[in-house]
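Containing PDB, C-alpha atoms and all ligand atoms: entry-v2.pdb.
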ATOM      1  CA  MET A   1      14.719  -2.658 -11.663
ATOM      2  CA  LYS A   2      12.353  -0.713  -9.434
ATOM      3  CA  GLY A   3      11.459  -2.451  -6.190
ATOM      4  CA  TYR A   4       8.019  -2.321  -4.602
ATOM      5  CA  ILE A   5       6.597  -2.932  -1.142
ATOM      6  CA  GLN A   6       4.450  -6.035  -0.747
ATOM      7  CA  VAL A   7       2.362  -7.140   2.228
ATOM      8  CA  TYR A   8       0.972 -10.658   2.770
ATOM      9  CA  THR A   9      -1.562 -10.617   5.573
ATOM     10  CA  GLY A  10      -4.867 -12.217   6.673
ATOM     11  CA  ASN A  11      -5.794 -15.284   8.692
ATOM     12  CA  GLY A  12      -5.639 -17.874   5.914
ATOM     13  CA  LYS A  13      -2.710 -20.148   5.155
ATOM     14  CA  GLY A  14      -0.050 -18.992   2.728
ATOM     15  CA  LYS A  15       1.721 -15.879   3.996
ATOM     16  CA  THR A  16       5.051 -17.395   4.944
ATOM     17  CA  THR A  17       5.012 -19.882   2.080
ATOM     18  CA  ALA A  18       4.322 -17.045  -0.402
ATOM     19  CA  ALA A  19       7.338 -15.166   0.912
ATOM     20  CA  ILE A  20       9.520 -18.298   0.706
ATOM     21  CA  GLY A  21       8.236 -18.960  -2.809
ATOM     22  CA  LEU A  22       9.162 -15.431  -3.843
ATOM     23  CA  SER A  23      12.623 -15.883  -2.320
ATOM     24  CA  VAL A  24      13.241 -19.037  -4.334
ATOM     25  CA  ARG A  25      12.040 -17.362  -7.523
ATOM     26  CA  ALA A  26      14.294 -14.364  -6.848
ATOM     27  CA  ALA A  27      17.268 -16.655  -6.208
ATOM     28  CA  GLY A  28      16.505 -18.384  -9.507
ATOM     29  CA  ALA A  29      17.081 -15.020 -11.160
ATOM     30  CA  GLY A  30      20.339 -14.542  -9.258
ATOM     31  CA  LEU A  31      18.883 -11.916  -6.920
ATOM     32  CA  LYS A  32      20.138 -11.708  -3.350
ATOM     33  CA  VAL A  33      17.529 -12.173  -0.648
ATOM     34  CA  PHE A  34      17.518 -11.398   3.069
ATOM     35  CA  ILE A  35      14.834 -12.959   5.243
ATOM     36  CA  GLY A  36      14.555 -11.537   8.750
ATOM     37  CA  GLN A  37      12.193 -13.619  10.882
ATOM     38  CA  PHE A  38      10.617 -11.932  13.855
ATOM     39  CA  ILE A  39       9.159 -13.776  16.845
ATOM     40  CA  LYS A  40      10.083 -17.214  15.544
ATOM     41  CA  MET A  41      13.215 -19.062  16.555
ATOM     42  CA  GLY A  42      14.022 -22.620  15.717
ATOM     43  CA  ASP A  43      14.689 -24.966  12.860
ATOM     44  CA  TYR A  44      11.673 -24.525  10.654
ATOM     45  CA  SER A  45      11.800 -26.745   7.569
ATOM     46  CA  GLU A  46      11.832 -23.729   5.237
ATOM     47  CA  ILE A  47      15.013 -22.476   6.879
ATOM     48  CA  LYS A  48      16.675 -25.862   6.411
ATOM     49  CA  ALA A  49      15.542 -25.928   2.779
ATOM     50  CA  LEU A  50      16.861 -22.436   2.106
ATOM     51  CA  GLU A  51      20.318 -23.422   3.365
ATOM     52  CA  ARG A  52      20.709 -24.990  -0.074
ATOM     53  CA  PHE A  53      20.566 -21.501  -1.539
ATOM     54  CA  SER A  54      22.910 -19.960   1.024
ATOM     55  CA  ASP A  55      24.938 -18.173  -1.668
ATOM     56  CA  LEU A  56      21.866 -16.077  -2.509
ATOM     57  CA  ILE A  57      19.440 -16.311   0.412
ATOM     58  CA  THR A  58      20.378 -15.255   3.941
ATOM     59  CA  VAL A  59      18.008 -16.053   6.806
ATOM     60  CA  LYS A  60      18.270 -14.553  10.266
ATOM     61  CA  GLN A  61      15.934 -15.026  13.197
ATOM     62  CA  PHE A  62      15.268 -12.229  15.658
ATOM     63  CA  GLY A  63      12.901 -14.052  17.977
ATOM     64  CA  LYS A  64      13.417 -15.561  21.370
ATOM     65  CA  GLY A  65      11.418 -18.654  20.499
ATOM     66  CA  ARG A  66       8.939 -18.099  23.274
ATOM     67  CA  PHE A  67       5.258 -17.635  22.762
ATOM     68  CA  ILE A  68       4.378 -13.997  23.375
ATOM     69  CA  LYS A  69       0.934 -13.928  24.921
ATOM     70  CA  ASN A  70       0.022 -10.343  25.559
ATOM     71  CA  LYS A  71       2.937  -8.359  26.780
ATOM     72  CA  PRO A  72       6.365  -8.935  25.260
ATOM     73  CA  SER A  73       9.317  -9.116  27.646
ATOM     74  CA  PRO A  74      12.177  -6.575  27.481
ATOM     75  CA  GLU A  75      14.296  -9.319  25.837
ATOM     76  CA  ASP A  76      11.661  -9.898  23.152
ATOM     77  CA  ILE A  77      11.623  -6.165  22.446
ATOM     78  CA  GLN A  78      15.410  -5.905  22.463
ATOM     79  CA  SER A  79      15.971  -8.725  20.030
ATOM     80  CA  ALA A  80      13.267  -7.506  17.639
ATOM     81  CA  SER A  81      14.498  -3.920  17.624
ATOM     82  CA  ASP A  82      18.099  -5.087  17.152
ATOM     83  CA  GLY A  83      16.770  -7.134  14.245
ATOM     84  CA  LEU A  84      15.013  -4.187  12.681
ATOM     85  CA  LYS A  85      18.171  -2.077  13.016
ATOM     86  CA  GLU A  86      20.271  -4.789  11.403
ATOM     87  CA  ILE A  87      17.798  -5.096   8.538
ATOM     88  CA  GLU A  88      17.839  -1.320   8.083
ATOM     89  CA  LYS A  89      21.619  -1.348   7.840
ATOM     90  CA  ARG A  90      21.722  -4.286   5.443
ATOM     91  CA  ILE A  91      19.117  -2.643   3.219
ATOM     92  CA  LYS A  92      21.085   0.610   3.114
ATOM     93  CA  ASP A  93      24.372  -1.188   2.428
ATOM     94  CA  GLY A  94      22.784  -2.381  -0.792
ATOM     95  CA  GLU A  95      23.667  -6.024  -0.153
ATOM     96  CA  PHE A  96      20.225  -7.366  -1.016
ATOM     97  CA  ASP A  97      17.668  -7.073  -3.805
ATOM     98  CA  VAL A  98      14.758  -8.599  -1.890
ATOM     99  CA  VAL A  99      14.216  -8.117   1.838
ATOM    100  CA  ILE A 100      11.531  -9.994   3.742
ATOM    101  CA  LEU A 101      10.278  -9.024   7.189
ATOM    102  CA  GLU A 102       8.711 -12.345   8.110
ATOM    103  CA  GLU A 103       6.007 -11.802  10.776
ATOM    104  CA  GLY A 104       6.806  -8.093  10.604
ATOM    105  CA  ASN A 105       3.106  -7.239  10.956
ATOM    106  CA  VAL A 106       2.765  -9.359  14.093
ATOM    107  CA  ALA A 107       5.948  -7.895  15.564
ATOM    108  CA  VAL A 108       4.604  -4.370  15.256
ATOM    109  CA  SER A 109       1.127  -5.344  16.572
ATOM    110  CA  LEU A 110       2.719  -6.935  19.618
ATOM    111  CA  GLY A 111       4.719  -3.756  20.233
ATOM    112  CA  LEU A 112       8.133  -5.332  19.589
ATOM    113  CA  PHE A 113       9.067  -2.194  17.718
ATOM    114  CA  PRO A 114       7.168   1.036  17.085
ATOM    115  CA  GLU A 115       4.865   1.385  14.092
ATOM    116  CA  LYS A 116       6.826   4.486  13.124
ATOM    117  CA  ASP A 117      10.067   2.511  12.756
ATOM    118  CA  LEU A 118       8.441   0.156  10.274
ATOM    119  CA  LEU A 119       6.884   3.046   8.336
ATOM    120  CA  ASP A 120      10.264   4.833   8.274
ATOM    121  CA  LEU A 121      11.903   1.704   6.865
ATOM    122  CA  MET A 122       9.242   1.557   4.156
ATOM    123  CA  ASP A 123       9.848   5.243   3.350
ATOM    124  CA  THR A 124      13.622   5.095   3.257
ATOM    125  CA  LYS A 125      14.286   1.818   1.455
ATOM    126  CA  PRO A 126      16.446   2.273  -1.637
ATOM    127  CA  PRO A 127      14.264   2.400  -4.774
ATOM    128  CA  GLN A 128      15.566  -0.879  -6.236
ATOM    129  CA  VAL A 129      14.908  -2.980  -3.122
ATOM    130  CA  GLU A 130      11.783  -5.176  -3.064
ATOM    131  CA  LEU A 131      10.442  -5.193   0.505
ATOM    132  CA  VAL A 132       7.996  -7.869   1.673
ATOM    133  CA  ILE A 133       6.212  -7.744   5.031
ATOM    134  CA  THR A 134       4.252 -10.795   6.180
ATOM    135  CA  GLY A 135       1.993 -11.674   9.089
ATOM    136  CA  ARG A 136      -1.579 -11.422  10.264
ATOM    137  CA  GLY A 137      -3.110  -8.087  11.170
ATOM    138  CA  ALA A 138      -1.219  -5.635   8.957
ATOM    139  CA  LEU A 139      -1.811  -2.137  10.320
ATOM    140  CA  PRO A 140      -3.851   0.299   8.184
ATOM    141  CA  SER A 141      -0.826   2.615   7.940
ATOM    142  CA  VAL A 142       1.311  -0.237   6.559
ATOM    143  CA  ILE A 143      -1.403  -1.224   4.061
ATOM    144  CA  GLU A 144      -1.690   2.405   2.980
ATOM    145  CA  LYS A 145       2.029   2.732   2.307
ATOM    146  CA  ALA A 146       2.477  -0.614   0.523
ATOM    147  CA  ASP A 147       2.237  -1.019  -3.257
ATOM    148  CA  LEU A 148       0.772  -4.534  -3.170
ATOM    149  CA  VAL A 149      -1.320  -6.082  -0.407
ATOM    150  CA  THR A 150      -2.661  -9.623  -0.488
ATOM    151  CA  GLU A 151      -4.995 -10.890   2.200
ATOM    152  CA  MET A 152      -5.010 -14.649   2.661
ATOM    153  CA  LEU A 153      -8.642 -15.262   3.436
ATOM    154  CA  GLU A 154      -9.414 -18.292   5.567
ATOM    155  CA  ILE A 155     -12.346 -20.130   4.018
ATOM    156  CA  LYS A 156     -11.514 -23.309   5.918
ATOM    157  CA  HIS A 157      -8.533 -24.399   8.001
ATOM    158  CA  TYR A 158      -7.965 -27.768   9.619
ATOM    159  CA  TYR A 159      -6.494 -25.878  12.591
ATOM    160  CA  ASN A 160     -10.129 -25.434  13.622
ATOM    161  CA  LYS A 161     -10.472 -29.229  13.738
ATOM    162  CA  GLY A 162      -7.518 -29.414  16.069
ATOM    163  CA  VAL A 163      -4.799 -30.128  13.494
ATOM    164  CA  VAL A 164      -1.741 -28.294  14.785
ATOM    165  CA  ALA A 165       1.268 -27.282  12.655
ATOM    166  CA  ARG A 166       2.855 -30.296  10.936
ATOM    167  CA  VAL A 167       6.548 -30.585  10.084
ATOM    168  CA  GLY A 168       7.052 -30.122   6.354
ATOM    169  CA  ILE A 169       3.614 -28.618   5.789
ATOM    170  CA  GLU A 170       3.239 -25.771   8.300
ATOM    171  CA  LYS A 171       6.679 -25.690   9.875
TER     172      LYS A 171
HETATM  173  P1  LIG A 201       2.204 -20.869   5.947
HETATM  174  O1  LIG A 201       3.479 -20.803   6.756
HETATM  175  O2  LIG A 201       1.708 -22.261   5.827
HETATM  176  O3  LIG A 201       2.305 -20.133   4.654
HETATM  177  P2  LIG A 201       0.998 -18.615   7.256
HETATM  178  O4  LIG A 201       2.332 -17.996   7.263
HETATM  179  O5  LIG A 201      -0.045 -17.941   6.421
HETATM  180  O6  LIG A 201       1.087 -20.128   6.786
HETATM  181  P3  LIG A 201       0.745 -18.036  10.089
HETATM  182  O7  LIG A 201      -0.212 -16.938  10.316
HETATM  183  O8  LIG A 201       2.188 -17.728  10.160
HETATM  184  O9  LIG A 201       0.425 -18.799   8.702
HETATM  185  O10 LIG A 201       0.329 -19.197  11.093
HETATM  186  C1  LIG A 201       1.240 -20.006  11.747
HETATM  187  C2  LIG A 201       0.527 -21.206  12.320
HETATM  188  O11 LIG A 201      -0.561 -20.847  13.160
HETATM  189  C3  LIG A 201      -0.135 -22.115  11.311
HETATM  190  O12 LIG A 201       0.784 -22.974  10.707
HETATM  191  C4  LIG A 201      -1.179 -22.860  12.113
HETATM  192  O13 LIG A 201      -0.644 -24.019  12.713
HETATM  193  C5  LIG A 201      -1.534 -21.886  13.188
HETATM  194  N1  LIG A 201      -2.899 -21.352  12.947
HETATM  195  C6  LIG A 201      -3.630 -21.437  11.833
HETATM  196  N2  LIG A 201      -4.839 -20.896  11.958
HETATM  197  C7  LIG A 201      -4.886 -20.435  13.216
HETATM  198  C8  LIG A 201      -5.875 -19.750  13.962
HETATM  199  N3  LIG A 201      -7.048 -19.439  13.452
HETATM  200  N4  LIG A 201      -5.554 -19.395  15.234
HETATM  201  C9  LIG A 201      -4.357 -19.691  15.754
HETATM  202  N5  LIG A 201      -3.390 -20.340  15.099
HETATM  203  C10 LIG A 201      -3.647 -20.720  13.843
HETATM  204 MG    MG A 202       3.593 -17.357   8.770
END

Target format structure tokens, applied to this file:
Amino acid sequence: MKGYIQVYTGNGKGKTTAAIGLSVRAAGAGLKVFIGQFIKMGDYSEIKALERFSDLITVKQFGKGRFIKNKPSPEDIQSASDGLKEIEKRIKDGEFDVVILEEGNVAVSLGLFPEKDLLDLMDTKPPQVELVITGRGALPSVIEKADLVTEMLEIKHYYNKGVVARVGIEK
């Protein structure tokens, strides 16, 4: 089966949950999924849930778990670029059918790895691999290269009323 490149971006809710939903669907079909999470570190509920599918879905976090305000630290950069290299290797080894770069768009916008490295990965992925890149602020070059781009458009979000991320719903 030919694999395509998908991007879930925009400010509205649903990017990460769309990627998790796709992972579960893929696992239902017996496909092997790798989820590489940039920036984040910690026991998000989706990671705990996906442990139940550990024979088919592998999750790895490449974040330091600290909030990156403007300038990432050398450690933030190191762990993200190590992550990208690992993902590159795993993709080329042909271990996985679906590969998700969770918060990949944010990682590149924050300068955790160069735009070119992400574009190269998109160019060199084996034809059968489905690649999904999530996160706000997808770069024009990434949008251009992708086959499918969905923008989650925020019409309303309770975040604006001061409701922060809730366990089981947002994290
Ligand atoms: P979900 O994980 O529910 O699918 P998402 O992946 O689309 O959502 P992210 O962009 O990853 O959402 O947002 C992560 C968190 O940022 C949200 O769960 C929310 O608590 C918070 N958030 C939402 N809107 C804003 C905003 N306008 N500014 C800053 N933070 C926000
Ligand atoms: Mg998200």

(request) Step by step, work through what the PyMOL selection byres (((chain A and resi 98-104) around 9) and not hetatm) selects in the shown file, and finish by giving those residues as a VMD selection string. (result) chain A and resid 3 15 to 16 19 23 26 31 to 40 84 87 91 96 to 97 105 to 109 118 128 to 136 138

Using all atoms listed in the file, the best pick from A:Lys171, A:Lys48, A:Lys92, A:Lys116 as closest to ligand MG 202 (chain A) would be A:Lys171

Taking a cut-off of 7 Å and counting all atoms listed in the file, can you build a table that, for each residue of chain A near ligand LIG 201 (chain A), reports the nearest atom pair and how far apart they are in Å (one decimal), sorted by chain then residue number, as JSON lines?
{"residue": "A:Asn11", "atom": "CA", "partner": "A:LIG201", "partner_atom": "O7", "distance": 6.0}
{"residue": "A:Gly12", "atom": "CA", "partner": "A:LIG201", "partner_atom": "O5", "distance": 5.6}
{"residue": "A:Lys13", "atom": "CA", "partner": "A:LIG201", "partner_atom": "O5", "distance": 3.7}
{"residue": "A:Gly14", "atom": "CA", "partner": "A:LIG201", "partner_atom": "O3", "distance": 3.2}
{"residue": "A:Lys15", "atom": "CA", "partner": "A:LIG201", "partner_atom": "O5", "distance": 3.6}
{"residue": "A:Thr16", "atom": "CA", "partner": "A:LIG201", "partner_atom": "O4", "distance": 3.6}
{"residue": "A:Thr17", "atom": "CA", "partner": "A:LIG201", "partner_atom": "O3", "distance": 3.7}
{"residue": "A:Ala18", "atom": "CA", "partner": "A:LIG201", "partner_atom": "O3", "distance": 6.3}
{"residue": "A:Gly135", "atom": "CA", "partner": "A:LIG201", "partner_atom": "O7", "distance": 5.8}
{"residue": "A:Arg136", "atom": "CA", "partner": "A:LIG201", "partner_atom": "O7", "distance": 5.7}
{"residue": "A:His157", "atom": "CA", "partner": "A:LIG201", "partner_atom": "N2", "distance": 6.4}
{"residue": "A:Tyr159", "atom": "CA", "partner": "A:LIG201", "partner_atom": "N2", "distance": 5.3}
{"residue": "A:Asn160", "atom": "CA", "partner": "A:LIG201", "partner_atom": "N3", "distance": 6.7}
{"residue": "A:Val164", "atom": "CA", "partner": "A:LIG201", "partner_atom": "O13", "distance": 4.9}
{"residue": "A:Ala165", "atom": "CA", "partner": "A:LIG201", "partner_atom": "O13", "distance": 3.8}
{"residue": "A:Ile169", "atom": "CA", "partner": "A:LIG201", "partner_atom": "O2", "distance": 6.6}
{"residue": "A:Glu170", "atom": "CA", "partner": "A:LIG201", "partner_atom": "O12", "distance": 4.4}
{"residue": "A:Lys171", "atom": "CA", "partner": "A:LIG201", "partner_atom": "O12", "distance": 6.5}

The distance between CA of Glu151 in chain A and CA of Ile20 in chain A is 16.4 Å

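CA of Ile57 in chain A to CA of Val24 in chain A spans 8.3 Å [interatomic distance, one decimal].
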
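Taking CA of Thr9 in chain A and CA of Val149 in chain A as the two end points, the separation is 7.5 Å.
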
Of A:Val167, A:Ile5, A:Leu153, A:Ala29, the one nearest to Asp43 in chain A when counting only C-alpha atoms is A:Val167

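Distances here use only C-alpha atoms and all ligand atoms; by that measure, the residue among A:Tyr158, A:Ser54, A:Met152, A:Ile143 closest to ligand MG 202 (chain A) is A:Met152.
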
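If all atoms listed in the file are the atoms counted, then among A:Leu50, A:Lys69, A:Glu154, A:Pro74 the closest residue to Arg25 in chain A is A:Leu50.
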
Ligand MG 202 (chain A) proximity check over A:Gly30, A:Pro72, A:Gly137, A:Pro127, using only C-alpha atoms and all ligand atoms: winner is A:Gly137

Item to check | Residue neighbourhood Glu75 in chain A, 9 Å, all atoms listed in the file, exclusion window fewer than 4 positions, as a ChimeraX atom specification | outcome: /A:64,79-80

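In this comparison, which uses all atoms listed in the file, the residue of A:Gln61, A:Asp82, A:Gly10, A:Asp76 approaching ligand MG 202 (chain A) most closely is A:Gly10.
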
Step by step, gather every atom of range 12-29 of chain A that the file lists, find the box along x, y and z that holds them, add 5 Å on each side, and finally give centre and edge lengths in Å to one decimal, as JSON.
{"center_x": 5.8, "center_y": -17.3, "center_z": -2.6, "size_x": 32.9, "size_y": 15.8, "size_z": 27.1}
